[in-house]
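Written below as structure tokens is the structure these notes are about.
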Amino acid sequence: MGTQAAGGASSLAVAEEARSAIEAARREGRELTETEQAIAGVEASTAEEAEARMIVLAGADPGPGDRRRMLINLGPNHPSTHGVLRLIVELDGEVVRDLHPVTGYLHTGIEKQCENKTYWQSVTLVTRMDYLSTFFNIHAYSMAVERLAGIDVPPRAEYLRIILSELNRITSHLVWLGTSGLELGAMTVFFYCIREREKALDLFEMISGERMNHRFFWPGGCAEDMPEGFEAAVRRFIDRMPERIDEYEGMLTSNPIWIERNRGVGVMSAEDLINLGVTGPVLRAAGVDLDRRKLSPYSGYEHFDFQVPLGAAGDSYDRYLVRIAEMRESVRIIGQALDGLPEGPVITQDRKYALPPRGELATSMESLIHHFKLVTEGYKVPAGEAYATVESPRGELGCYVVADGGPKPMRVHMRDPSFVNLQATRPMAKDRYLADLIAIIGSLDGVMGGVDR
Amino acid sequence: MSEARDLVETAVPGSVVGEHDELGQAVLEVDRTRLIEVMRFLQGPPLAYVMLCSLTCADFYDTLDEHPERFRMAYHLLSLESGSELRVRVWAGAEDPELESVVPIWSTANFMEREVFDLFGVRFRNHPDLCRIMMPLDWEGHPLRRDYPIGGEPVQFSDAI
């Protein structure tokens, strides 16, 4: 597509969308916004139309001999955009002069659907937002509901949540490391990362029955206790993991190409990052010590001894180092959680909120009633609102739930770090080479399922 | 009365409408005409809520007959110095809801306000790029409004082969 003429009126749905949006803006008598202009320019169907839009974008008619900016689509289907991110890039030769992110290709209206499901049904939906850190999504949502309903989570459940969250952090970072390596031409590291990720997904399958999109955390605790052999399997995994991380580091940390592609790329000052709301490894690589596990400890993180890795330069290379160090810390946390795992129930004993054990249904009338009420109607949550945050692999993941006193939430909003961090692409990539843009997208580690929800 | 409320009241007199403790989380309810002043004060010293964590809206359509306003915005602020958090709530009205944009204070609000505009139809004055972000540009209606029905909309691209 781009500024090339498609010849005649295009019947592509996206071009029509852009066209009717422009017409609507004209009817309303308002100017097109930046993003609308960019979309209109890139969706132009004739050469003259594209030319006219370019002039609008560049601000002036280019004289003869002036270099003309080119407007191209990067994505939505592009192997290095981590899903379906679409960037409309204004190129001056090979230099990115401006870019406009266009999102929404994975928008499935999960927040809307949550309003039409009971609190316990919504768990299934929120896991599918950021599909690489599913445990974190449910964790934030469950914590918000627990706060609203005043549910106490037993200590064993808290520890299980920490074990699974940290395993999830490792798998998420592994996907990031593998795909980022792939984008920058490091083929081998991808296979190494996916090999360990498979082992971790096997562990998830063992405990929850699902490899991805688990609905294992419930408001009140965890769905089940860990099965026999799980602890030994996790220990085997974390025993092996440090030397595996050494292997990745052996391939990348002092690799001249890796350093050349990442050092000094995507640098932004800490103040700018904070103003842009960027959190997680990207912010920590710039030296800001902001980690929700330390700042407002949840789920018992205050009982664990771990470091928050920080960077100094705030470039793409530092983000790599921070994420590698975070994986090592996660391994330590999992080890501590297994050592100190308390005995006891894994879900609250309050039968108004948690399903009774299966065995009781045959013998206890009360359990049967509870079970029936919970499954058909769901539990009612007192009116109010709560905001709960967890530290996901990408930064602060917050869940804001407004309850109106009924069995369904009135509003569920996820503050997804991928969505917020995506805004940093533009200032980071301006006046850099197109090749650096790929490294920047990779180092921000956005997951489009989380962006679009 | 909390310290934060005191400070805000002194700096921007008559701006605070109410103060609540929602399950241990501090909430400040602000008059919408004074929103930008209050936010500018909160972001600077002494309170230094330098980070806008989250910005979202809720539609109180079901209780419209008890309460005349419909859209309630919630801004979650975080201070990195003290680690304290604050939720600022403001009602945006019912018909043609409009608020001042906080993008000049926190640039992170750009996407968040676009999201609220797209899904709730709340407009933000002085927003640099207020257009849809989740839905297609030519979408009609605002899906997260409570009177917007779920299901029933035509499935897109089903005619494209």
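Going by the structure tokens order, chains are called A, B, ..., each with residues numbered from 1, while ligands are numbered from 1 in the order shown.
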What are the closest atom pairs, with distances in Å to one decimal, for each residue of chain B lying within 8 Å of chain A, using only C-alpha atoms, rows by chain and rising residue number, as a tab-separated table?
residue	atom	partner	partner_atom	distance
B:Glu22	CA	A:Glu385	CA	6.8
B:Leu23	CA	A:Arg147	CA	7.1
B:Gln25	CA	A:Ala386	CA	7.8
B:Val50	CA	A:Asn275	CA	6.9
B:Met51	CA	A:Ile274	CA	6.0
B:Leu52	CA	A:Gly277	CA	6.3
B:Cys53	CA	A:Gly277	CA	6.4
B:Ser54	CA	A:Arg415	CA	5.9
B:Thr56	CA	A:His413	CA	7.3
B:Ala58	CA	A:Arg411	CA	6.2
B:Asp59	CA	A:Arg411	CA	8.0
B:Leu80	CA	A:Leu290	CA	7.8
B:Gly83	CA	A:Leu295	CA	6.6
B:Trp106	CA	A:Asn275	CA	5.3
B:Ser107	CA	A:Leu276	CA	5.2
B:Thr108	CA	A:Leu276	CA	4.1
B:Ala109	CA	A:Leu276	CA	7.9
B:Phe111	CA	A:Val420	CA	7.2
B:Met112	CA	A:Val420	CA	7.8
B:Pro128	CA	A:Thr33	CA	7.6
B:Asp129	CA	A:Thr33	CA	5.1
B:Leu130	CA	A:Thr33	CA	6.6
B:Cys131	CA	A:Thr33	CA	6.7
B:Ile133	CA	A:Thr103	CA	6.1
B:Met134	CA	A:Gly104	CA	4.1
B:Met135	CA	A:Gly104	CA	6.0
B:Pro136	CA	A:Glu17	CA	7.0
B:Leu137	CA	A:Ala21	CA	5.6
B:Asp138	CA	A:Ala21	CA	4.7
B:Pro143	CA	A:Lys112	CA	7.6
B:Leu144	CA	A:Lys112	CA	5.9
B:Ile150	CA	A:Gln113	CA	7.7
B:Phe157	CA	A:Ala13	CA	7.2
B:Ala160	CA	A:Ala13	CA	7.9
Need the shell around Asp98 (chain A): protein/DNA/RNA residues with any atom at most 12 Å away, counting only C-alpha atoms. Skip same-chain ones fewer than 2 positions apart. Format as a tab-separated table (two decimals) with C-alpha atoms, in the first residue's frame?
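Below you can see selection_19.tsv, which holds the result:
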chain	number	residue	atom	x	y	z
A	34	GLU	CA	-2.87	13.51	13.67
A	35	THR	CA	-3.68	9.83	13.67
A	38	ALA	CA	-1.81	9.51	8.98
A	57	LEU	CA	1.41	15.97	6.71
A	58	ALA	CA	4.72	17.56	5.76
A	69	ARG	CA	8.88	11.84	2.85
A	70	MET	CA	7.44	8.42	2.38
A	71	LEU	CA	4.49	7.19	4.38
A	72	ILE	CA	4.42	3.45	4.90
A	87	LEU	CA	2.73	1.72	12.85
A	88	ILE	CA	2.33	4.35	10.17
A	89	VAL	CA	5.88	5.52	9.65
A	90	GLU	CA	6.97	8.73	7.97
A	91	LEU	CA	10.29	7.94	6.41
A	92	ASP	CA	12.94	10.28	5.12
A	94	GLU	CA	15.89	5.32	6.07
A	95	VAL	CA	15.27	7.68	8.96
A	96	VAL	CA	12.01	7.65	10.88
A	100	HIS	CA	1.67	6.91	14.52
A	101	PRO	CA	0.65	3.73	16.30
A	425	THR	CA	7.63	4.18	20.79
A	426	ARG	CA	7.12	7.52	19.12
A	427	PRO	CA	9.55	9.71	21.10
A	428	MET	CA	12.09	6.89	21.20
A	429	ALA	CA	12.07	6.20	17.47
A	430	LYS	CA	11.94	9.76	16.17
A	431	ASP	CA	14.93	10.62	14.00
A	432	ARG	CA	16.38	7.16	14.37
A	433	TYR	CA	16.95	4.55	11.69
A	434	LEU	CA	14.10	2.25	10.78
A	437	LEU	CA	12.62	1.07	15.48
Tell me which protein, DNA and RNA residues are within 12 Å of Ser2 (chain B), counting only C-alpha atoms, leaving out same-chain ones fewer than 4 positions away, and put them as a list in words. Asp6, Leu7, Val8, Glu9, Val16, Gly18, Glu19, His20, Asp21, Ala26, Val27, Leu28 and Leu86 of chain B
Write to file, as a short mmCIF file (atom, residue, chain, number, x, y, z; two decimals), in the first residue's frame, the residues of the selection just made, with N, CA and C atoms.
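Written output follows (part03.cif):
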data_model
loop_
_atom_site.label_atom_id
_atom_site.label_comp_id
_atom_site.auth_asym_id
_atom_site.auth_seq_id
_atom_site.Cartn_x
_atom_site.Cartn_y
_atom_site.Cartn_z
N ASP B 6 -6.39 19.05 52.64
CA ASP B 6 -6.04 20.37 53.18
C ASP B 6 -5.23 21.17 52.19
N LEU B 7 -4.19 20.50 51.67
CA LEU B 7 -3.29 21.20 50.75
C LEU B 7 -4.01 21.63 49.48
N VAL B 8 -4.84 20.72 48.96
CA VAL B 8 -5.56 21.06 47.73
C VAL B 8 -6.54 22.20 47.98
N GLU B 9 -7.22 22.13 49.12
CA GLU B 9 -8.19 23.19 49.46
C GLU B 9 -7.52 24.55 49.55
N VAL B 16 -12.58 20.97 46.06
CA VAL B 16 -12.84 19.62 46.53
C VAL B 16 -14.32 19.49 46.91
N GLY B 18 -15.71 16.35 47.77
CA GLY B 18 -15.86 15.34 48.81
C GLY B 18 -14.60 14.53 48.97
N GLU B 19 -14.58 13.79 50.08
CA GLU B 19 -13.43 12.94 50.33
C GLU B 19 -13.93 11.63 50.90
N HIS B 20 -13.43 10.51 50.38
CA HIS B 20 -13.89 9.21 50.87
C HIS B 20 -12.70 8.32 51.14
N ASP B 21 -12.99 7.30 51.91
CA ASP B 21 -12.02 6.24 52.08
C ASP B 21 -12.68 5.00 51.50
N ALA B 26 -7.53 6.15 49.41
CA ALA B 26 -7.95 7.55 49.53
C ALA B 26 -8.55 8.05 48.23
N VAL B 27 -9.71 8.69 48.34
CA VAL B 27 -10.40 9.20 47.16
C VAL B 27 -10.73 10.66 47.38
N LEU B 28 -10.42 11.47 46.38
CA LEU B 28 -10.73 12.89 46.43
C LEU B 28 -11.70 13.18 45.31
N LEU B 86 -3.38 8.07 45.33
CA LEU B 86 -4.58 8.87 45.48
C LEU B 86 -5.46 8.65 44.26
#
Which residue is closest to Leu42 (chain B)? Choose from B:Arg123, B:Val17, B:Ile105, B:Glu100 and count only C-alpha atoms.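 For Leu42 (chain B), the nearest of the given residues is B:Ile105.
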Using DSSP on the backbone, list every residue of chain B that comes out as helix (DSSP H, G or I), and give them as number ranges by chain. B: 3-11, 32-43, 61-63, 109-120
